[in-house]
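These notes are about the structure you will find just below.
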Amino acid sequence: MAIEDEIINISDIDVGTEILNNDRLIIETNNGTKLLAFKDLVIGEDNITFKDKLVQGTDATGESSTRYSSVTGFNILTSDTTAGHLTKYADISGTVELGKFNYNGISKFASMSATIAQNESEINFLKGELSLIRTTFSSSSALSSTQLTLSAVNFYFENGSSKTGSGGDVKFTSDSIIVDPARTNADASYNVNPFSVTYPGLDASSYVGGYVMFNLSYKLARGVTSRVAIFKTKSGGGTSEVWSYTNTYLGSTVSGLQSYTHIEYISPGDTITLTSSSFIDKIKFSGFTL
């Protein structure tokens with residue numbers, strides 16, 4: 001038999017489908033070629049390329065423990081949990097619920113995208129309007145063309161008198177003005193001598209009709225009787241007496257200020273005046289819109 005007939009190629013060997021504990025492997029060692037039972041085959045950590053991915057086993061006699069971190073109220077396992085811990089659903093339920101919570105939140109946020117866009121548009125519009133207001137009120141030229149008025153017309157004059165002839169109109173001076181009616185309403189007008197206050201007319205649209213409380217205090221000259229009256233002149237014409245008071249100051253009497261209050265309805269354009277039948281040493285007069 002030729003030697004060529006005894007040659008067996010690896011490819012000619014039958015292919016096995018499994019390896020059992022009692023099967024043997026042929027290994028080449030420093031002491032020669034030997035047989036090794038499969039059950040005696042040991043692969044150390046130094047011969048494993050994925051060593052860093054292996055989970056180390058725990059002490060067979062010890063117990064594993066879990067460690068959690070709270071995220072928005074959900075308990076999430078941390079890396080401090082014992083390696084190789086047999087995880088149950090209770091251990092990861094927080095992670096599952098947190099995922100569900102985030103999913104619902106994202107879905108809700110997505111459904112509000114149209115509302116967010118609408119709010120953004122309205123905010124931008126308001127920012128533009130605010131910028132316009134700032135520009136208007138920071139410009140003196142713009143303010144000069146902007147008339148700011150109040151609906152009320154309030155006034156207070158003091159140190160007035162009536163000393164001409166047998167009485168007549170009451171007069172004040174510019175120093176007598178405590179509350180200027182034109183400062184409380186730019187459309188109001190007044191005179192100090194003879195005294196009068198005219199309320200804004202309908203064309204001004206800065207005053208609406210309403211009740212006004214008038215306060216009158218005066219001191220008579222010595223030894224006289226005086227009748228002090230308030231008159232109202234309508235914007236369309238016609239004068240009527242609102243009310244009047246008569247006092248007598250005898251020479252032997254020490255007299256102070258006599259004070260009276262009256263409430264009257266004043267329409268736009270009405271004018272208020274004061275008269276006295278005789279001398280008055282001192283008079284105060286005010287009108288405040290109720």
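Chain labels run A, B, ... following the order of the structure tokens; each chain numbers its residues from 1, and ligands are numbered from 1 in the order shown.
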Would you list the contacts of A:Ile26 as a list in words, taking every protein, DNA or RNA residue within 12 Å and counting only C-alpha atoms, but skipping same-chain residues closer than 6 positions in sequence?
->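 Once the adjacent positions are removed, what remains is Gly32, Thr33, Lys34, Leu35, Leu36, Ala37, Phe38 and Leu41 of chain A.
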Identify all residues of stretch 177-284 of chain A in strand (DSSP E) (DSSP on the backbone) and supply them as a PyMOL selection string.
-> chain A and resi 177-179+189-192+195-198+210-220+224-233+239-249+258-266+271-276+280-284
Nearest to A:Ser64: which of A:Ile27, A:Ile76, A:Ile7, A:Leu86 is it, counting only C-alpha atoms?
-> A:Leu86
For A:Met213, please output as a PyMOL selection string all residues within 12 Å (counting only C-alpha atoms; exclusion window: fewer than 5 positions along the same chain).
-> chain A and resi 152-156+260-266+285-290
Who sits within 10 Å of stretch 188-194 of chain A, only C-alpha atoms, same chain under 6 positions skipped, as a ChimeraX atom specification = /A:149,152-155,157,160,162,168-177,180-182,200-201,204,206-207,268-269,271-275
Have a look at atom CA of A:Val208 and atom CA of A:Ser151 and let me know their distance in Å, one decimal.
->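 Value for the atom CA of A:Val208-atom CA of A:Ser151 distance: 6.5 Å.
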Check stretch 2-112 of chain A with DSSP on the backbone and list each residue it calls alpha helix (DSSP H), as a ChimeraX atom specification.
-> /A:89-111
Write a file of the just-selected residues containing N, CA and C atoms, as a PDB file, in the first residue's frame.
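Result file again-v9.pdb:
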```
ATOM      1  N   TYR A  89     -40.147  42.851  38.197  1.00  0.00           N
ATOM      2  CA  TYR A  89     -40.886  43.995  37.648  1.00  0.00           C
ATOM      3  C   TYR A  89     -41.012  45.112  38.675  1.00  0.00           C
ATOM      4  N   ALA A  90     -41.152  44.734  39.942  1.00  0.00           N
ATOM      5  CA  ALA A  90     -41.273  45.753  40.980  1.00  0.00           C
ATOM      6  C   ALA A  90     -40.050  46.649  41.013  1.00  0.00           C
ATOM      7  N   ASP A  91     -38.877  46.090  40.622  1.00  0.00           N
ATOM      8  CA  ASP A  91     -37.647  46.870  40.633  1.00  0.00           C
ATOM      9  C   ASP A  91     -37.619  47.911  39.518  1.00  0.00           C
ATOM     10  N   ILE A  92     -38.221  47.601  38.403  1.00  0.00           N
ATOM     11  CA  ILE A  92     -38.163  48.494  37.237  1.00  0.00           C
ATOM     12  C   ILE A  92     -39.505  49.167  36.947  1.00  0.00           C
ATOM     13  N   SER A  93     -40.477  48.984  37.847  1.00  0.00           N
ATOM     14  CA  SER A  93     -41.805  49.580  37.595  1.00  0.00           C
ATOM     15  C   SER A  93     -41.720  51.103  37.515  1.00  0.00           C
ATOM     16  N   GLY A  94     -40.829  51.718  38.333  1.00  0.00           N
ATOM     17  CA  GLY A  94     -40.670  53.170  38.280  1.00  0.00           C
ATOM     18  C   GLY A  94     -40.178  53.630  36.927  1.00  0.00           C
ATOM     19  N   THR A  95     -39.223  52.889  36.359  1.00  0.00           N
ATOM     20  CA  THR A  95     -38.710  53.231  35.034  1.00  0.00           C
ATOM     21  C   THR A  95     -39.799  53.131  33.981  1.00  0.00           C
ATOM     22  N   VAL A  96     -40.623  52.060  34.083  1.00  0.00           N
ATOM     23  CA  VAL A  96     -41.721  51.869  33.120  1.00  0.00           C
ATOM     24  C   VAL A  96     -42.742  52.989  33.238  1.00  0.00           C
ATOM     25  N   GLU A  97     -43.118  53.333  34.477  1.00  0.00           N
ATOM     26  CA  GLU A  97     -44.116  54.380  34.682  1.00  0.00           C
ATOM     27  C   GLU A  97     -43.590  55.749  34.258  1.00  0.00           C
ATOM     28  N   LEU A  98     -42.280  55.981  34.491  1.00  0.00           N
ATOM     29  CA  LEU A  98     -41.694  57.251  34.054  1.00  0.00           C
ATOM     30  C   LEU A  98     -41.731  57.362  32.530  1.00  0.00           C
ATOM     31  N   GLY A  99     -41.452  56.265  31.854  1.00  0.00           N
ATOM     32  CA  GLY A  99     -41.547  56.277  30.395  1.00  0.00           C
ATOM     33  C   GLY A  99     -42.957  56.576  29.923  1.00  0.00           C
ATOM     34  N   LYS A 100     -43.941  55.983  30.599  1.00  0.00           N
ATOM     35  CA  LYS A 100     -45.341  56.241  30.246  1.00  0.00           C
ATOM     36  C   LYS A 100     -45.703  57.696  30.523  1.00  0.00           C
ATOM     37  N   PHE A 101     -45.228  58.218  31.656  1.00  0.00           N
ATOM     38  CA  PHE A 101     -45.486  59.614  32.013  1.00  0.00           C
ATOM     39  C   PHE A 101     -44.913  60.567  30.966  1.00  0.00           C
ATOM     40  N   ASN A 102     -43.681  60.310  30.552  1.00  0.00           N
ATOM     41  CA  ASN A 102     -43.051  61.158  29.533  1.00  0.00           C
ATOM     42  C   ASN A 102     -43.781  61.073  28.206  1.00  0.00           C
ATOM     43  N   TYR A 103     -44.243  59.867  27.855  1.00  0.00           N
ATOM     44  CA  TYR A 103     -44.964  59.694  26.589  1.00  0.00           C
ATOM     45  C   TYR A 103     -46.255  60.513  26.597  1.00  0.00           C
ATOM     46  N   ASN A 104     -47.002  60.434  27.718  1.00  0.00           N
ATOM     47  CA  ASN A 104     -48.256  61.195  27.805  1.00  0.00           C
ATOM     48  C   ASN A 104     -47.980  62.698  27.755  1.00  0.00           C
ATOM     49  N   GLY A 105     -46.885  63.117  28.436  1.00  0.00           N
ATOM     50  CA  GLY A 105     -46.549  64.535  28.431  1.00  0.00           C
ATOM     51  C   GLY A 105     -46.197  65.037  27.043  1.00  0.00           C
ATOM     52  N   ILE A 106     -45.415  64.247  26.310  1.00  0.00           N
ATOM     53  CA  ILE A 106     -45.022  64.645  24.953  1.00  0.00           C
ATOM     54  C   ILE A 106     -46.235  64.689  24.037  1.00  0.00           C
ATOM     55  N   SER A 107     -47.148  63.707  24.209  1.00  0.00           N
ATOM     56  CA  SER A 107     -48.367  63.680  23.383  1.00  0.00           C
ATOM     57  C   SER A 107     -49.224  64.913  23.649  1.00  0.00           C
ATOM     58  N   LYS A 108     -49.350  65.288  24.939  1.00  0.00           N
ATOM     59  CA  LYS A 108     -50.141  66.466  25.288  1.00  0.00           C
ATOM     60  C   LYS A 108     -49.495  67.725  24.735  1.00  0.00           C
ATOM     61  N   PHE A 109     -48.183  67.799  24.854  1.00  0.00           N
ATOM     62  CA  PHE A 109     -47.461  68.969  24.345  1.00  0.00           C
ATOM     63  C   PHE A 109     -47.648  69.097  22.834  1.00  0.00           C
ATOM     64  N   ALA A 110     -47.606  67.962  22.136  1.00  0.00           N
ATOM     65  CA  ALA A 110     -47.776  67.986  20.682  1.00  0.00           C
ATOM     66  C   ALA A 110     -49.165  68.474  20.303  1.00  0.00           C
ATOM     67  N   SER A 111     -50.179  68.083  21.113  1.00  0.00           N
ATOM     68  CA  SER A 111     -51.551  68.503  20.799  1.00  0.00           C
ATOM     69  C   SER A 111     -51.761  69.990  21.028  1.00  0.00           C
TER      70      SER A 111
END
```
Determine, counting only C-alpha atoms, which protein, DNA and RNA residues have an atom within 10 Å of an atom of A:Lys39; residues of the same chain fewer than 3 positions away are not included. Present the result as number ranges by chain.
-> A: 19-24, 36, 42
Nearby residues (only C-alpha atoms) at most 7 Å from stretch 225-231 of chain A, same-chain spacing under 2 positions excluded, as a PyMOL selection string | chain A and resi 233+239-249+272-278
Only C-alpha atoms, please: the residues just picked out, written as a PDB file, in the first residue's frame.
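The result, written out as result-v2.pdb:
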```
ATOM      1  CA  THR A 233     -76.560 129.434  34.358  1.00  0.00           C
ATOM      2  CA  THR A 239     -80.039 131.654  35.111  1.00  0.00           C
ATOM      3  CA  SER A 240     -81.609 130.166  38.225  1.00  0.00           C
ATOM      4  CA  GLU A 241     -80.810 130.457  41.912  1.00  0.00           C
ATOM      5  CA  VAL A 242     -79.454 127.220  43.335  1.00  0.00           C
ATOM      6  CA  TRP A 243     -79.724 128.206  47.000  1.00  0.00           C
ATOM      7  CA  SER A 244     -79.113 131.169  49.359  1.00  0.00           C
ATOM      8  CA  TYR A 245     -78.479 131.973  53.023  1.00  0.00           C
ATOM      9  CA  THR A 246     -79.188 135.153  55.010  1.00  0.00           C
ATOM     10  CA  ASN A 247     -77.199 136.076  58.113  1.00  0.00           C
ATOM     11  CA  THR A 248     -77.102 139.150  60.380  1.00  0.00           C
ATOM     12  CA  TYR A 249     -73.931 140.272  62.153  1.00  0.00           C
ATOM     13  CA  ILE A 272     -71.764 128.579  38.699  1.00  0.00           C
ATOM     14  CA  THR A 273     -71.610 132.158  40.139  1.00  0.00           C
ATOM     15  CA  LEU A 274     -71.795 133.762  43.626  1.00  0.00           C
ATOM     16  CA  THR A 275     -73.523 136.995  44.734  1.00  0.00           C
ATOM     17  CA  SER A 276     -73.943 138.805  48.025  1.00  0.00           C
ATOM     18  CA  SER A 277     -76.453 141.490  49.029  1.00  0.00           C
ATOM     19  CA  SER A 278     -73.916 143.337  51.174  1.00  0.00           C
TER      20      SER A 278
END
```
Which polymer residues have any atom within 8 Å of an atom of A:Tyr218, counting only C-alpha atoms, with same-chain residues fewer than 6 positions away left out, as a compact mmCIF listing (two decimals) with N, CA and C atoms, in the first residue's frame?
```txt
# COMPACT_ATOMS: atom_id res chain seq x y z
N LEU A 257 -66.81 132.22 60.82
CA LEU A 257 -67.26 131.78 59.50
C LEU A 257 -68.55 130.96 59.63
N GLN A 258 -69.53 131.31 58.81
CA GLN A 258 -70.76 130.53 58.73
C GLN A 258 -70.59 129.52 57.58
N SER A 259 -70.85 128.24 57.83
CA SER A 259 -70.58 127.19 56.83
C SER A 259 -71.86 126.48 56.44
N ILE A 280 -69.03 141.41 52.47
CA ILE A 280 -68.55 140.17 53.07
C ILE A 280 -67.05 140.33 53.28
N ASP A 281 -66.59 140.08 54.51
CA ASP A 281 -65.17 140.22 54.79
C ASP A 281 -64.35 139.05 54.24
N LYS A 282 -64.89 137.86 54.34
CA LYS A 282 -64.11 136.68 53.96
C LYS A 282 -65.06 135.58 53.50
N ILE A 283 -64.68 134.88 52.45
CA ILE A 283 -65.52 133.80 51.93
C ILE A 283 -64.66 132.68 51.34
N LYS A 284 -65.09 131.45 51.57
CA LYS A 284 -64.47 130.26 50.97
C LYS A 284 -65.54 129.50 50.21
```
Just how far from atom CA of A:Thr66 is atom CA of A:Lys88, in Å to one decimal?
->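 Distance reported for this atom pair: 10.8 Å.
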re atom CA of A:Ser196 and atom CA of A:Lys234: distance 12.9 Å
